[in-house]
$ cat start10.csv   # CSV, C-alpha atoms
chain,number,residue,atom,x,y,z
A,1,MET,CA,-75.0,-171.7,-89.9
A,2,ILE,CA,-72.1,-173.6,-91.5
A,3,PRO,CA,-73.5,-176.3,-93.8
A,4,ARG,CA,-71.6,-179.1,-92.0
A,5,LEU,CA,-73.0,-178.1,-88.6
A,6,ARG,CA,-76.5,-177.7,-90.1
A,7,THR,CA,-76.3,-181.3,-91.3
A,8,PHE,CA,-75.2,-182.4,-87.8
A,9,VAL,CA,-78.1,-180.6,-86.1
A,10,VAL,CA,-80.7,-182.1,-88.5
A,11,GLY,CA,-79.1,-185.5,-88.1
A,12,LEU,CA,-79.7,-185.2,-84.3
A,13,ALA,CA,-83.4,-184.3,-85.0
A,14,LEU,CA,-83.8,-187.4,-87.1
A,15,LEU,CA,-82.1,-189.5,-84.5
A,16,GLY,CA,-84.6,-188.3,-82.0
A,17,LEU,CA,-87.4,-189.9,-84.1
A,18,GLY,CA,-85.9,-193.3,-83.6
A,19,THR,CA,-85.8,-193.5,-79.8
A,20,GLY,CA,-88.5,-196.1,-79.5
A,21,CYS,CA,-90.3,-198.9,-81.3
A,22,GLN,CA,-93.3,-196.9,-82.5
A,23,LEU,CA,-93.6,-193.1,-82.0
A,24,LEU,CA,-96.8,-191.4,-81.0
A,25,GLN,CA,-99.4,-191.1,-83.6
A,26,PRO,CA,-100.7,-187.7,-84.9
A,27,LYS,CA,-102.5,-185.4,-82.4
A,28,GLN,CA,-106.1,-186.5,-82.0
A,29,LYS,CA,-109.0,-184.2,-81.1
A,30,GLY,CA,-108.7,-183.1,-77.5
A,31,ASP,CA,-105.1,-184.2,-77.3
A,32,GLN,CA,-102.6,-181.7,-75.8
A,33,GLY,CA,-98.9,-181.4,-75.8
A,34,GLY,CA,-96.8,-184.6,-75.9
A,35,GLY,CA,-99.6,-187.0,-76.5
A,36,SER,CA,-102.5,-188.9,-74.8
A,37,SER,CA,-103.3,-187.4,-71.4
A,38,SER,CA,-104.6,-190.7,-70.0
A,39,ALA,CA,-102.3,-192.6,-67.6
A,40,GLN,CA,-101.1,-195.6,-69.4
A,41,GLY,CA,-98.5,-196.7,-66.9
A,42,GLY,CA,-99.1,-200.4,-67.1
A,43,GLY,CA,-96.6,-203.2,-66.6
A,44,ALA,CA,-95.3,-203.1,-70.2
A,45,ALA,CA,-94.6,-199.3,-70.0
A,46,GLN,CA,-92.8,-199.6,-66.6
A,47,ALA,CA,-90.8,-202.5,-68.0
A,48,MET,CA,-89.7,-200.4,-70.9
A,49,VAL,CA,-88.8,-197.5,-68.5
A,50,ASP,CA,-86.7,-199.9,-66.4
A,51,SER,CA,-84.9,-201.1,-69.5
A,52,MET,CA,-84.2,-197.6,-70.8
A,53,LYS,CA,-83.4,-195.6,-67.7
A,54,SER,CA,-79.7,-196.6,-67.7
A,55,THR,CA,-79.2,-195.8,-71.4
A,56,GLU,CA,-77.8,-192.5,-72.5
A,57,THR,CA,-80.1,-190.0,-74.2
A,58,GLN,CA,-79.3,-187.1,-76.6
A,59,TYR,CA,-77.2,-184.1,-75.4
A,60,LEU,CA,-78.8,-181.6,-77.8
A,61,LEU,CA,-82.4,-180.6,-78.4
A,62,ALA,CA,-83.1,-177.8,-80.8
A,63,LEU,CA,-85.8,-175.5,-79.5
A,64,PRO,CA,-88.1,-173.3,-81.7
A,65,PRO,CA,-87.5,-169.6,-81.5
A,66,GLY,CA,-89.2,-168.0,-78.5
A,67,ALA,CA,-89.8,-171.4,-76.9
A,68,LYS,CA,-92.0,-171.1,-73.7
A,69,VAL,CA,-94.1,-173.3,-71.4
A,70,GLY,CA,-97.1,-174.5,-73.3
A,71,VAL,CA,-95.6,-174.7,-76.8
A,72,TRP,CA,-95.6,-178.1,-78.5
A,73,TRP,CA,-94.5,-179.2,-82.0
A,74,GLU,CA,-94.7,-182.3,-84.1
A,75,THR,CA,-92.3,-183.5,-86.8
A,76,THR,CA,-92.6,-186.3,-89.4
A,77,ALA,CA,-89.8,-188.3,-91.0
A,78,GLY,CA,-90.3,-191.4,-93.1
A,79,GLY,CA,-93.9,-191.6,-91.9
A,80,ALA,CA,-92.9,-191.6,-88.2
A,81,LYS,CA,-94.3,-188.8,-86.1
A,82,SER,CA,-92.7,-187.4,-83.0
A,83,LYS,CA,-94.2,-184.7,-80.7
A,84,TYR,CA,-92.4,-182.5,-78.2
A,85,ALA,CA,-93.9,-180.3,-75.6
A,86,VAL,CA,-92.5,-177.6,-73.3
A,87,VAL,CA,-94.3,-178.3,-70.0
A,88,GLY,CA,-92.3,-176.5,-67.3
A,89,GLU,CA,-89.4,-174.4,-66.2
A,90,GLN,CA,-86.6,-174.9,-63.6
A,91,GLU,CA,-84.3,-172.1,-62.8
A,92,GLY,CA,-84.5,-170.6,-66.3
A,93,LYS,CA,-84.2,-173.9,-68.1
A,94,LEU,CA,-87.1,-175.6,-70.0
A,95,ILE,CA,-88.6,-179.0,-69.4
A,96,VAL,CA,-89.4,-180.7,-72.7
A,97,GLU,CA,-91.4,-183.9,-72.8
A,98,GLN,CA,-91.8,-186.4,-75.7
A,99,ALA,CA,-94.5,-189.0,-75.6
A,100,MET,CA,-93.8,-192.4,-77.1
A,101,ASP,CA,-96.2,-195.3,-77.8
A,102,VAL,CA,-94.7,-198.7,-77.1
A,103,GLY,CA,-97.0,-201.6,-77.7
A,104,GLY,CA,-100.1,-199.6,-76.8
A,105,SER,CA,-98.6,-198.1,-73.6
A,106,THR,CA,-97.2,-194.6,-73.3
A,107,ILE,CA,-93.8,-193.7,-71.9
A,108,ILE,CA,-92.5,-190.2,-71.6
A,109,ASN,CA,-89.0,-189.0,-72.4
A,110,ALA,CA,-88.1,-185.7,-70.8
A,111,TRP,CA,-85.1,-183.3,-70.9
A,112,LEU,CA,-84.1,-180.2,-69.1
A,113,VAL,CA,-82.9,-177.8,-71.8
A,114,ASP,CA,-80.8,-174.7,-71.4
A,115,PRO,CA,-82.2,-172.1,-73.9
A,116,THR,CA,-79.2,-169.9,-73.5
A,117,ILE,CA,-76.9,-172.4,-75.2
A,118,ASP,CA,-76.5,-171.7,-78.9
A,119,PRO,CA,-76.6,-175.0,-80.8
A,120,THR,CA,-75.3,-173.3,-83.9
A,121,GLY,CA,-72.0,-172.3,-82.3
A,122,MET,CA,-69.0,-173.9,-84.0
A,123,PRO,CA,-66.4,-174.8,-81.4
A,124,SER,CA,-62.7,-174.7,-82.0
A,125,GLU,CA,-61.0,-178.0,-83.0
A,126,GLY,CA,-60.6,-180.3,-80.0
A,127,GLU,CA,-63.5,-178.7,-78.1
A,128,PRO,CA,-66.9,-180.4,-77.5
A,129,MET,CA,-69.8,-179.8,-79.8
A,130,PRO,CA,-72.6,-177.6,-78.3
A,131,ALA,CA,-74.8,-179.4,-75.8
A,132,ASN,CA,-77.9,-177.9,-74.2
A,133,VAL,CA,-79.5,-180.9,-72.4
A,134,VAL,CA,-78.6,-180.5,-68.7
A,135,LYS,CA,-80.6,-183.4,-67.3
A,136,ALA,CA,-83.0,-186.1,-68.5
A,137,TRP,CA,-85.7,-188.4,-67.3
A,138,ILE,CA,-88.0,-191.2,-68.5
A,139,GLY,CA,-91.3,-192.4,-67.0
A,140,VAL,CA,-94.9,-193.2,-67.4
A,141,PRO,CA,-97.8,-190.7,-67.4
A,142,GLY,CA,-99.0,-189.5,-64.0
A,143,LYS,CA,-95.8,-190.6,-62.2
A,144,PRO,CA,-92.5,-188.9,-61.5
A,145,GLY,CA,-89.9,-189.5,-64.1
A,146,GLU,CA,-86.7,-191.5,-63.4
A,147,GLU,CA,-83.4,-189.8,-64.1
A,148,ARG,CA,-81.3,-191.2,-66.9
A,149,PRO,CA,-77.8,-190.3,-68.2
A,150,VAL,CA,-77.1,-187.8,-70.9
A,151,MET,CA,-74.6,-188.5,-73.7
A,152,LYS,CA,-71.3,-186.5,-73.6
A,153,PRO,CA,-71.0,-184.4,-76.8
A,154,PRO,CA,-68.3,-185.4,-79.2
A,155,VAL,CA,-65.2,-183.4,-79.7
A,156,TYR,CA,-65.1,-181.3,-82.9
A,157,LYS,CA,-62.5,-182.4,-85.5
A,158,LYS,CA,-61.9,-180.6,-88.7
A,159,THR,CA,-62.3,-182.8,-91.8
A,160,GLY,CA,-61.6,-182.3,-95.5
A,161,GLY,CA,-64.2,-180.9,-97.9
A,162,GLY,CA,-67.3,-183.0,-98.3
A,163,SER,CA,-68.6,-184.4,-101.6
A,164,GLY,CA,-71.6,-182.2,-101.6
A,165,GLY,CA,-70.0,-179.4,-103.6
A,166,GLN,CA,-70.6,-175.7,-103.1
A,167,ALA,CA,-73.5,-174.9,-100.8
A,168,GLU,CA,-76.1,-172.3,-101.8
A,169,GLN,CA,-77.9,-170.4,-99.0
A,170,GLY,CA,-80.7,-167.9,-98.8
A,171,ASP,CA,-83.7,-166.7,-96.8
A,172,GLU,CA,-87.4,-167.1,-97.4
A,173,ARG,CA,-90.7,-167.3,-95.6
A,174,VAL,CA,-92.3,-170.8,-95.5
A,175,GLU,CA,-95.7,-172.0,-94.4
A,176,LEU,CA,-95.5,-175.1,-92.2
A,177,ALA,CA,-97.8,-176.5,-89.4
A,178,GLY,CA,-100.2,-173.6,-89.8
A,179,LYS,CA,-97.6,-170.9,-89.2
A,180,THR,CA,-95.4,-168.7,-91.3
A,181,TRP,CA,-91.7,-169.0,-90.6
A,182,ASP,CA,-88.8,-166.8,-91.4
A,183,ALA,CA,-86.4,-169.5,-92.7
A,184,HIS,CA,-82.8,-169.8,-93.7
A,185,TRP,CA,-82.2,-172.5,-96.3
A,186,THR,CA,-79.0,-174.4,-97.4
A,187,GLN,CA,-78.8,-176.4,-100.5
A,188,THR,CA,-76.1,-178.9,-101.6
A,189,ALA,CA,-75.9,-181.7,-104.2
A,190,HIS,CA,-77.4,-183.9,-101.5
A,191,GLY,CA,-80.6,-181.9,-100.8
A,192,LYS,CA,-82.0,-178.8,-99.1
A,193,THR,CA,-82.7,-177.9,-95.5
A,194,TRP,CA,-84.8,-175.1,-94.1
A,195,MET,CA,-84.1,-173.9,-90.5
A,196,ALA,CA,-86.0,-171.3,-88.4
A,197,LYS,CA,-83.9,-168.2,-89.1
A,198,GLY,CA,-81.3,-167.5,-86.4
A,199,SER,CA,-81.7,-170.9,-84.7
A,200,ALA,CA,-81.0,-174.6,-85.1
A,201,PHE,CA,-84.7,-175.5,-85.2
A,202,ALA,CA,-85.2,-177.7,-88.3
A,203,LEU,CA,-88.3,-177.0,-90.4
A,204,LYS,CA,-87.9,-179.2,-93.4
A,205,THR,CA,-85.3,-181.3,-95.3
A,206,THR,CA,-85.5,-182.7,-98.8
A,207,ASP,CA,-83.2,-185.0,-100.7
A,208,ALA,CA,-81.6,-184.2,-104.1
A,209,SER,CA,-84.8,-185.2,-105.9
A,210,GLY,CA,-86.9,-182.9,-103.8
A,211,LYS,CA,-88.5,-185.7,-101.8
A,212,THR,CA,-89.4,-184.6,-98.2
A,213,LEU,CA,-87.3,-186.5,-95.6
A,214,PHE,CA,-88.2,-184.4,-92.5
A,215,GLU,CA,-90.9,-181.8,-91.9
A,216,LEU,CA,-92.5,-179.8,-89.1
A,217,THR,CA,-96.2,-181.0,-89.3
A,218,GLY,CA,-97.8,-179.7,-86.1
A,219,TRP,CA,-97.7,-176.7,-83.7
A,220,GLY,CA,-99.7,-175.5,-80.7
A,221,GLU,CA,-99.5,-173.7,-77.4
A,222,ASP,CA,-101.7,-175.8,-75.2
A,223,ALA,CA,-99.3,-178.4,-73.9
A,224,LYS,CA,-99.8,-180.0,-70.5
A,225,PRO,CA,-97.3,-182.1,-68.5
A,226,GLN,CA,-97.7,-185.8,-68.5
A,227,LEU,CA,-95.1,-186.7,-65.9
A,228,ALA,CA,-95.7,-185.7,-62.3
A,229,TRP,CA,-93.3,-182.8,-61.6
$ encode --input "start10.csv" --output "C-alpha coordinates"
Amino acid sequence: MIPRLRTFVVGLALLGLGTGCQLLQPKQKGDQGGGSSSAQGGGAAQAMVDSMKSTETQYLLALPPGAKVGVWWETTAGGAKSKYAVVGEQEGKLIVEQAMDVGGSTIINAWLVDPTIDPTGMPSEGEPMPANVVKAWIGVPGKPGEERPVMKPPVYKKTGGGSGGQAEQGDERVELAGKTWDAHWTQTAHGKTWMAKGSAFALKTTDASGKTLFELTGWGEDAKPQLAW
(Lines of atoms letter the chains of each structure in order from A and count residues from 1; the text may use other names and numbers.)
(Lines give C-alpha, C1' and ligand atoms only; values in the text may rest on other atoms or scores of the structure.)
Protein backbone atom coordinates (compact mmCIF):
# COMPACT_ATOMS: atom_id res chain seq x y z
CA MET A 1 0.00 0.00 0.00
CA ILE A 2 1.20 3.53 -0.76
CA PRO A 3 2.47 5.05 2.54
CA ARG A 4 0.18 8.09 2.24
CA LEU A 5 -2.91 5.91 1.82
CA ARG A 6 -1.72 3.62 4.64
CA THR A 7 -1.55 6.65 6.96
CA PHE A 8 -5.04 7.66 5.83
CA VAL A 9 -6.49 4.21 6.64
CA VAL A 10 -4.82 4.09 10.07
CA GLY A 11 -6.11 7.59 10.76
CA LEU A 12 -9.66 6.40 10.14
CA ALA A 13 -9.11 3.52 12.55
CA LEU A 14 -7.97 5.94 15.24
CA LEU A 15 -10.92 8.22 14.47
CA GLY A 16 -13.27 5.32 15.10
CA LEU A 17 -11.95 5.12 18.66
CA GLY A 18 -13.25 8.59 19.38
CA THR A 19 -16.90 8.13 18.46
CA GLY A 20 -18.14 8.39 22.03
CA CYS A 21 -17.41 9.69 25.49
CA GLN A 22 -16.02 6.45 26.89
CA LEU A 23 -15.42 3.30 24.86
CA LEU A 24 -16.26 -0.17 26.04
CA GLN A 25 -13.86 -1.63 28.58
CA PRO A 26 -11.82 -4.81 27.91
CA LYS A 27 -13.68 -8.08 27.32
CA GLN A 28 -14.78 -9.60 30.62
CA LYS A 29 -15.28 -13.27 31.35
CA GLY A 30 -18.36 -14.51 29.52
CA ASP A 31 -18.49 -11.40 27.34
CA GLN A 32 -18.97 -12.03 23.62
CA GLY A 33 -18.60 -9.92 20.54
CA GLY A 34 -19.15 -6.18 20.79
CA GLY A 35 -19.54 -6.01 24.56
CA SER A 36 -22.00 -6.64 27.39
CA SER A 37 -24.90 -8.85 26.34
CA SER A 38 -27.29 -7.38 28.90
CA ALA A 39 -29.91 -4.94 27.65
CA GLN A 40 -28.90 -1.53 28.91
CA GLY A 41 -31.38 0.52 26.89
CA GLY A 42 -32.25 3.02 29.61
CA GLY A 43 -33.29 6.61 29.13
CA ALA A 44 -29.71 7.90 29.00
CA ALA A 45 -28.76 5.46 26.25
CA GLN A 46 -31.86 6.24 24.18
CA ALA A 47 -31.24 9.96 24.60
CA MET A 48 -27.72 9.48 23.25
CA VAL A 49 -29.07 7.49 20.30
CA ASP A 50 -31.59 10.24 19.55
CA SER A 51 -28.82 12.85 19.61
CA MET A 52 -26.46 10.85 17.37
CA LYS A 53 -28.77 9.26 14.80
CA SER A 54 -28.75 12.37 12.61
CA THR A 55 -24.93 12.70 12.65
CA GLU A 56 -22.84 11.15 9.90
CA THR A 57 -20.71 8.11 10.61
CA GLN A 58 -17.54 6.82 8.95
CA TYR A 59 -17.59 5.66 5.32
CA LEU A 60 -14.73 3.16 5.64
CA LEU A 61 -14.22 0.26 8.05
CA ALA A 62 -11.19 -1.97 7.50
CA LEU A 63 -12.07 -5.64 7.93
CA PRO A 64 -9.60 -8.35 8.96
CA PRO A 65 -8.62 -10.87 6.28
CA GLY A 66 -11.24 -13.58 5.92
CA ALA A 67 -13.81 -11.69 8.01
CA LYS A 68 -16.93 -13.76 8.66
CA VAL A 69 -19.93 -13.81 10.96
CA GLY A 70 -18.82 -14.48 14.54
CA VAL A 71 -15.42 -12.77 14.36
CA TRP A 72 -14.68 -9.92 16.79
CA TRP A 73 -11.57 -7.84 17.43
CA GLU A 74 -10.45 -5.28 19.98
CA THR A 75 -8.06 -2.37 19.42
CA THR A 76 -6.37 -0.08 21.94
CA ALA A 77 -5.12 3.47 21.36
CA GLY A 78 -4.03 5.83 24.10
CA GLY A 79 -5.57 3.56 26.73
CA ALA A 80 -9.00 3.62 25.04
CA LYS A 81 -10.35 0.27 23.87
CA SER A 82 -12.80 -0.36 21.06
CA LYS A 83 -14.36 -3.66 20.08
CA TYR A 84 -15.92 -4.60 16.75
CA ALA A 85 -17.96 -7.72 15.97
CA VAL A 86 -19.25 -9.22 12.71
CA VAL A 87 -22.74 -10.30 13.74
CA GLY A 88 -24.65 -10.91 10.52
CA GLU A 89 -24.81 -10.83 6.74
CA GLN A 90 -27.14 -9.16 4.25
CA GLU A 91 -26.87 -9.98 0.54
CA GLY A 92 -23.15 -10.69 0.74
CA LYS A 93 -22.38 -7.69 2.93
CA LEU A 94 -21.33 -7.95 6.59
CA ILE A 95 -23.03 -6.34 9.59
CA VAL A 96 -20.42 -5.03 12.04
CA GLU A 97 -21.40 -3.82 15.52
CA GLN A 98 -19.38 -1.70 17.94
CA ALA A 99 -20.52 -1.41 21.57
CA MET A 100 -19.90 1.88 23.35
CA ASP A 101 -20.28 2.62 27.07
CA VAL A 102 -21.76 6.06 27.72
CA GLY A 103 -22.26 6.96 31.37
CA GLY A 104 -22.86 3.35 32.34
CA SER A 105 -25.33 2.66 29.51
CA THR A 106 -24.49 0.76 26.35
CA ILE A 107 -25.25 1.99 22.85
CA ILE A 108 -24.41 0.13 19.66
CA ASN A 109 -22.96 1.52 16.44
CA ALA A 110 -23.50 -0.74 13.43
CA TRP A 111 -22.39 -0.67 9.80
CA LEU A 112 -23.20 -2.70 6.70
CA VAL A 113 -19.80 -3.26 5.08
CA ASP A 114 -19.13 -4.44 1.53
CA PRO A 115 -16.15 -6.84 1.77
CA THR A 116 -15.60 -6.70 -2.01
CA ILE A 117 -14.45 -3.06 -1.86
CA ASP A 118 -10.66 -2.74 -1.66
CA PRO A 119 -9.85 0.01 0.89
CA THR A 120 -6.23 0.04 -0.33
CA GLY A 121 -7.14 1.01 -3.88
CA MET A 122 -5.69 4.39 -4.85
CA PRO A 123 -8.16 6.39 -6.97
CA SER A 124 -7.22 8.75 -9.76
CA GLU A 125 -7.05 12.43 -8.93
CA GLY A 126 -10.54 13.91 -8.64
CA GLU A 127 -12.17 10.57 -7.82
CA PRO A 128 -13.57 9.68 -4.37
CA MET A 129 -11.50 7.72 -1.88
CA PRO A 130 -12.50 4.06 -1.30
CA ALA A 131 -15.68 3.62 0.76
CA ASN A 132 -17.08 0.26 1.89
CA VAL A 133 -19.79 1.30 4.38
CA VAL A 134 -23.12 0.94 2.59
CA LYS A 135 -25.49 1.66 5.47
CA ALA A 136 -25.29 2.46 9.19
CA TRP A 137 -27.40 2.28 12.34
CA ILE A 138 -27.25 3.21 16.02
CA GLY A 139 -29.33 1.79 18.85
CA VAL A 140 -29.55 0.17 22.26
CA PRO A 141 -29.08 -3.56 22.99
CA GLY A 142 -32.09 -5.76 22.35
CA LYS A 143 -33.87 -3.25 20.11
CA PRO A 144 -33.73 -2.56 16.36
CA GLY A 145 -31.13 0.00 15.34
CA GLU A 146 -32.11 3.37 13.91
CA GLU A 147 -30.60 4.25 10.56
CA ARG A 148 -28.08 7.10 10.43
CA PRO A 149 -26.33 8.85 7.52
CA VAL A 150 -22.92 7.83 6.21
CA MET A 151 -20.23 10.39 5.34
CA LYS A 152 -19.40 10.89 1.69
CA PRO A 153 -15.76 9.98 0.97
CA PRO A 154 -13.46 12.89 0.14
CA VAL A 155 -12.10 13.38 -3.34
CA TYR A 156 -8.47 12.37 -3.84
CA LYS A 157 -6.09 15.22 -4.58
CA LYS A 158 -2.41 14.83 -5.27
CA THR A 159 -0.11 16.69 -2.91
CA GLY A 160 3.58 17.41 -2.79
CA GLY A 161 6.00 15.07 -1.04
CA GLY A 162 5.56 14.82 2.72
CA SER A 163 8.12 15.62 5.37
CA GLY A 164 8.50 12.00 6.46
CA GLY A 165 11.32 11.24 4.05
CA GLN A 166 11.82 7.97 2.20
CA ALA A 167 9.58 5.15 3.43
CA GLU A 168 11.00 1.71 4.14
CA GLN A 169 8.78 -1.35 3.74
CA GLY A 170 8.95 -5.05 4.46
CA ASP A 171 7.10 -8.20 5.49
CA GLU A 172 7.26 -10.12 8.74
CA ARG A 173 5.15 -12.31 11.01
CA VAL A 174 3.92 -10.69 14.23
CA GLU A 175 2.18 -12.05 17.33
CA LEU A 176 -0.80 -9.96 18.41
CA ALA A 177 -4.06 -10.76 20.24
CA GLY A 178 -3.12 -14.43 20.54
CA LYS A 179 -2.68 -14.87 16.79
CA THR A 180 0.20 -14.94 14.34
CA TRP A 181 -0.27 -12.46 11.51
CA ASP A 182 1.46 -12.16 8.15
CA ALA A 183 2.12 -8.42 8.22
CA HIS A 184 3.42 -5.75 5.88
CA TRP A 185 5.14 -2.84 7.61
CA THR A 186 5.94 0.69 6.50
CA GLN A 187 8.38 2.93 8.36
CA THR A 188 9.02 6.66 7.95
CA ALA A 189 10.64 9.31 10.12
CA HIS A 190 7.29 9.63 11.90
CA GLY A 191 6.94 6.00 12.96
CA LYS A 192 6.10 2.48 11.86
CA THR A 193 2.82 0.77 10.93
CA TRP A 194 2.02 -2.93 10.56
CA MET A 195 -0.98 -4.01 8.45
CA ALA A 196 -2.36 -7.49 7.83
CA LYS A 197 -0.69 -8.42 4.55
CA GLY A 198 -2.80 -7.74 1.48
CA SER A 199 -5.39 -5.69 3.40
CA ALA A 200 -6.05 -2.35 5.09
CA PHE A 201 -6.50 -3.98 8.52
CA ALA A 202 -4.23 -2.12 10.94
CA LEU A 203 -2.36 -4.28 13.46
CA LYS A 204 -0.04 -1.83 15.20
CA THR A 205 1.35 1.70 14.92
CA THR A 206 4.31 3.21 16.77
CA ASP A 207 5.74 6.72 16.79
CA ALA A 208 9.32 7.68 15.94
CA SER A 209 10.49 6.74 19.45
CA GLY A 210 8.93 3.28 19.23
CA LYS A 211 6.03 4.07 21.57
CA THR A 212 2.86 2.14 20.68
CA LEU A 213 0.04 4.41 19.53
CA PHE A 214 -2.42 1.79 18.26
CA GLU A 215 -2.52 -1.99 18.63
CA LEU A 216 -4.75 -5.00 18.07
CA THR A 217 -5.31 -6.36 21.59
CA GLY A 218 -8.16 -8.88 21.31
CA TRP A 219 -9.57 -11.47 18.92
CA GLY A 220 -12.28 -14.12 19.01
CA GLU A 221 -14.85 -15.94 16.92
CA ASP A 222 -17.83 -16.12 19.30
CA ALA A 223 -19.53 -12.77 18.59
CA LYS A 224 -23.28 -12.44 19.12
CA PRO A 225 -25.51 -9.60 17.86
CA GLN A 226 -26.68 -7.02 20.37
CA LEU A 227 -29.16 -5.11 18.22
CA ALA A 228 -32.39 -6.84 17.21
CA TRP A 229 -31.94 -7.67 13.52
$ closest_residue --input "start10.csv" --among "A:Thr159, A:Gly79, A:Ala228, A:Pro123" --to "Thr212 (chain A)" --atoms "only C-alpha atoms"
A:Gly79
$ atom_distance --input "start10.csv" --atom1 "CA of Val87 (chain A)" --atom2 "CA of Lys197 (chain A)"
24.0 Å
$ closest_atom_pairs --input "start10.csv" --of "region 36-80 of chain A" --to "region 130-154 of chain A" --cutoff "7 Å" --atoms "only C-alpha atoms" --output "Markdown table"
| residue | atom | partner | partner_atom | distance |
| --- | --- | --- | --- | --- |
| A:Ala39 | CA | A:Pro141 | CA | 4.9 |
| A:Gln40 | CA | A:Pro141 | CA | 6.2 |
| A:Gly41 | CA | A:Val140 | CA | 5.0 |
| A:Ala45 | CA | A:Val140 | CA | 6.6 |
| A:Gln46 | CA | A:Val140 | CA | 6.8 |
| A:Val49 | CA | A:Gly139 | CA | 5.9 |
| A:Lys53 | CA | A:Arg148 | CA | 4.9 |
| A:Ser54 | CA | A:Arg148 | CA | 5.7 |
| A:Thr55 | CA | A:Pro149 | CA | 6.5 |
| A:Glu56 | CA | A:Pro149 | CA | 4.8 |
| A:Thr57 | CA | A:Val150 | CA | 5.0 |
| A:Gln58 | CA | A:Met151 | CA | 5.7 |
| A:Tyr59 | CA | A:Val133 | CA | 5.0 |
| A:Leu60 | CA | A:Ala131 | CA | 5.0 |
| A:Leu61 | CA | A:Val133 | CA | 6.7 |
$ atom_distance --input "start10.csv" --atom1 "CA of Leu203 (chain A)" --atom2 "CA of Asp114 (chain A)"
20.6 Å
$ residues_around --input "start10.csv" --residues "Gly210 (chain A)" --least-positions-apart "2" --cutoff "8 Å" --atoms "all atoms listed in the file" --output "PyMOL selection string"
chain A and resi 191-192+206-208+212
$ closest_residue --input "start10.csv" --among "A:Val113, A:Glu215, A:Ala200, A:Ala189" --to "Val174 (chain A)" --atoms "only C-alpha atoms"
A:Glu215
$ closest_residue --input "start10.csv" --among "A:Pro115, A:Ala62, A:Lys157, A:Thr186" --to "Asp171 (chain A)" --atoms "only C-alpha atoms"
A:Thr186
$ closest_residue --input "start10.csv" --among "A:His190, A:Val96, A:Gly43, A:Tyr156" --to "Gly121 (chain A)" --atoms "all atoms listed in the file"
A:Tyr156
$ build_atoms --input "start10.csv" --residues "region 168-191 of chain A" --atoms "N, CA and C atoms" --output "short mmCIF file (atom, residue, chain, number, x, y, z; two decimals), keeping the file's coordinate frame"
data_model
loop_
_atom_site.label_atom_id
_atom_site.label_comp_id
_atom_site.auth_asym_id
_atom_site.auth_seq_id
_atom_site.Cartn_x
_atom_site.Cartn_y
_atom_site.Cartn_z
N GLU A 168 -75.33 -173.56 -101.52
CA GLU A 168 -76.10 -172.30 -101.80
C GLU A 168 -76.91 -172.03 -100.53
N GLN A 169 -77.10 -170.76 -100.22
CA GLN A 169 -77.90 -170.40 -99.00
C GLN A 169 -78.78 -169.20 -99.37
N GLY A 170 -79.84 -169.06 -98.59
CA GLY A 170 -80.70 -167.90 -98.80
C GLY A 170 -81.80 -167.88 -97.70
N ASP A 171 -82.61 -166.85 -97.73
CA ASP A 171 -83.70 -166.70 -96.80
C ASP A 171 -85.02 -166.60 -97.50
N GLU A 172 -86.05 -167.14 -96.87
CA GLU A 172 -87.40 -167.10 -97.40
C GLU A 172 -88.41 -167.35 -96.32
N ARG A 173 -89.65 -167.00 -96.56
CA ARG A 173 -90.70 -167.30 -95.60
C ARG A 173 -91.42 -168.58 -96.11
N VAL A 174 -91.67 -169.51 -95.17
CA VAL A 174 -92.30 -170.80 -95.50
C VAL A 174 -93.53 -170.99 -94.62
N GLU A 175 -94.51 -171.70 -95.17
CA GLU A 175 -95.70 -172.00 -94.40
C GLU A 175 -95.65 -173.50 -94.01
N LEU A 176 -95.59 -173.74 -92.71
CA LEU A 176 -95.50 -175.10 -92.20
C LEU A 176 -96.30 -175.17 -90.87
N ALA A 177 -97.05 -176.24 -90.67
CA ALA A 177 -97.80 -176.50 -89.40
C ALA A 177 -98.69 -175.32 -89.04
N GLY A 178 -99.28 -174.68 -90.05
CA GLY A 178 -100.20 -173.60 -89.80
C GLY A 178 -99.58 -172.29 -89.38
N LYS A 179 -98.26 -172.17 -89.55
CA LYS A 179 -97.60 -170.90 -89.20
C LYS A 179 -96.67 -170.49 -90.35
N THR A 180 -96.38 -169.20 -90.35
CA THR A 180 -95.40 -168.70 -91.30
C THR A 180 -94.09 -168.47 -90.60
N TRP A 181 -93.04 -169.04 -91.18
CA TRP A 181 -91.70 -169.00 -90.60
C TRP A 181 -90.74 -168.22 -91.40
N ASP A 182 -89.93 -167.42 -90.75
CA ASP A 182 -88.80 -166.80 -91.40
C ASP A 182 -87.68 -167.86 -91.40
N ALA A 183 -87.33 -168.36 -92.57
CA ALA A 183 -86.40 -169.50 -92.70
C ALA A 183 -85.14 -169.15 -93.39
N HIS A 184 -84.08 -169.86 -93.02
CA HIS A 184 -82.80 -169.80 -93.70
C HIS A 184 -82.59 -171.18 -94.35
N TRP A 185 -82.34 -171.24 -95.65
CA TRP A 185 -82.20 -172.50 -96.30
C TRP A 185 -80.73 -172.71 -96.79
N THR A 186 -80.31 -173.97 -96.83
CA THR A 186 -79.00 -174.40 -97.40
C THR A 186 -79.22 -175.50 -98.33
N GLN A 187 -78.63 -175.41 -99.51
CA GLN A 187 -78.80 -176.40 -100.50
C GLN A 187 -77.44 -176.92 -101.02
N THR A 188 -77.28 -178.25 -101.07
CA THR A 188 -76.10 -178.90 -101.60
C THR A 188 -76.54 -179.90 -102.67
N ALA A 189 -75.59 -180.64 -103.20
CA ALA A 189 -75.90 -181.70 -104.20
C ALA A 189 -76.76 -182.79 -103.50
N HIS A 190 -76.72 -182.87 -102.17
CA HIS A 190 -77.40 -183.90 -101.50
C HIS A 190 -78.88 -183.56 -101.14
N GLY A 191 -79.21 -182.28 -101.13
CA GLY A 191 -80.60 -181.90 -100.80
C GLY A 191 -80.63 -180.47 -100.24
#
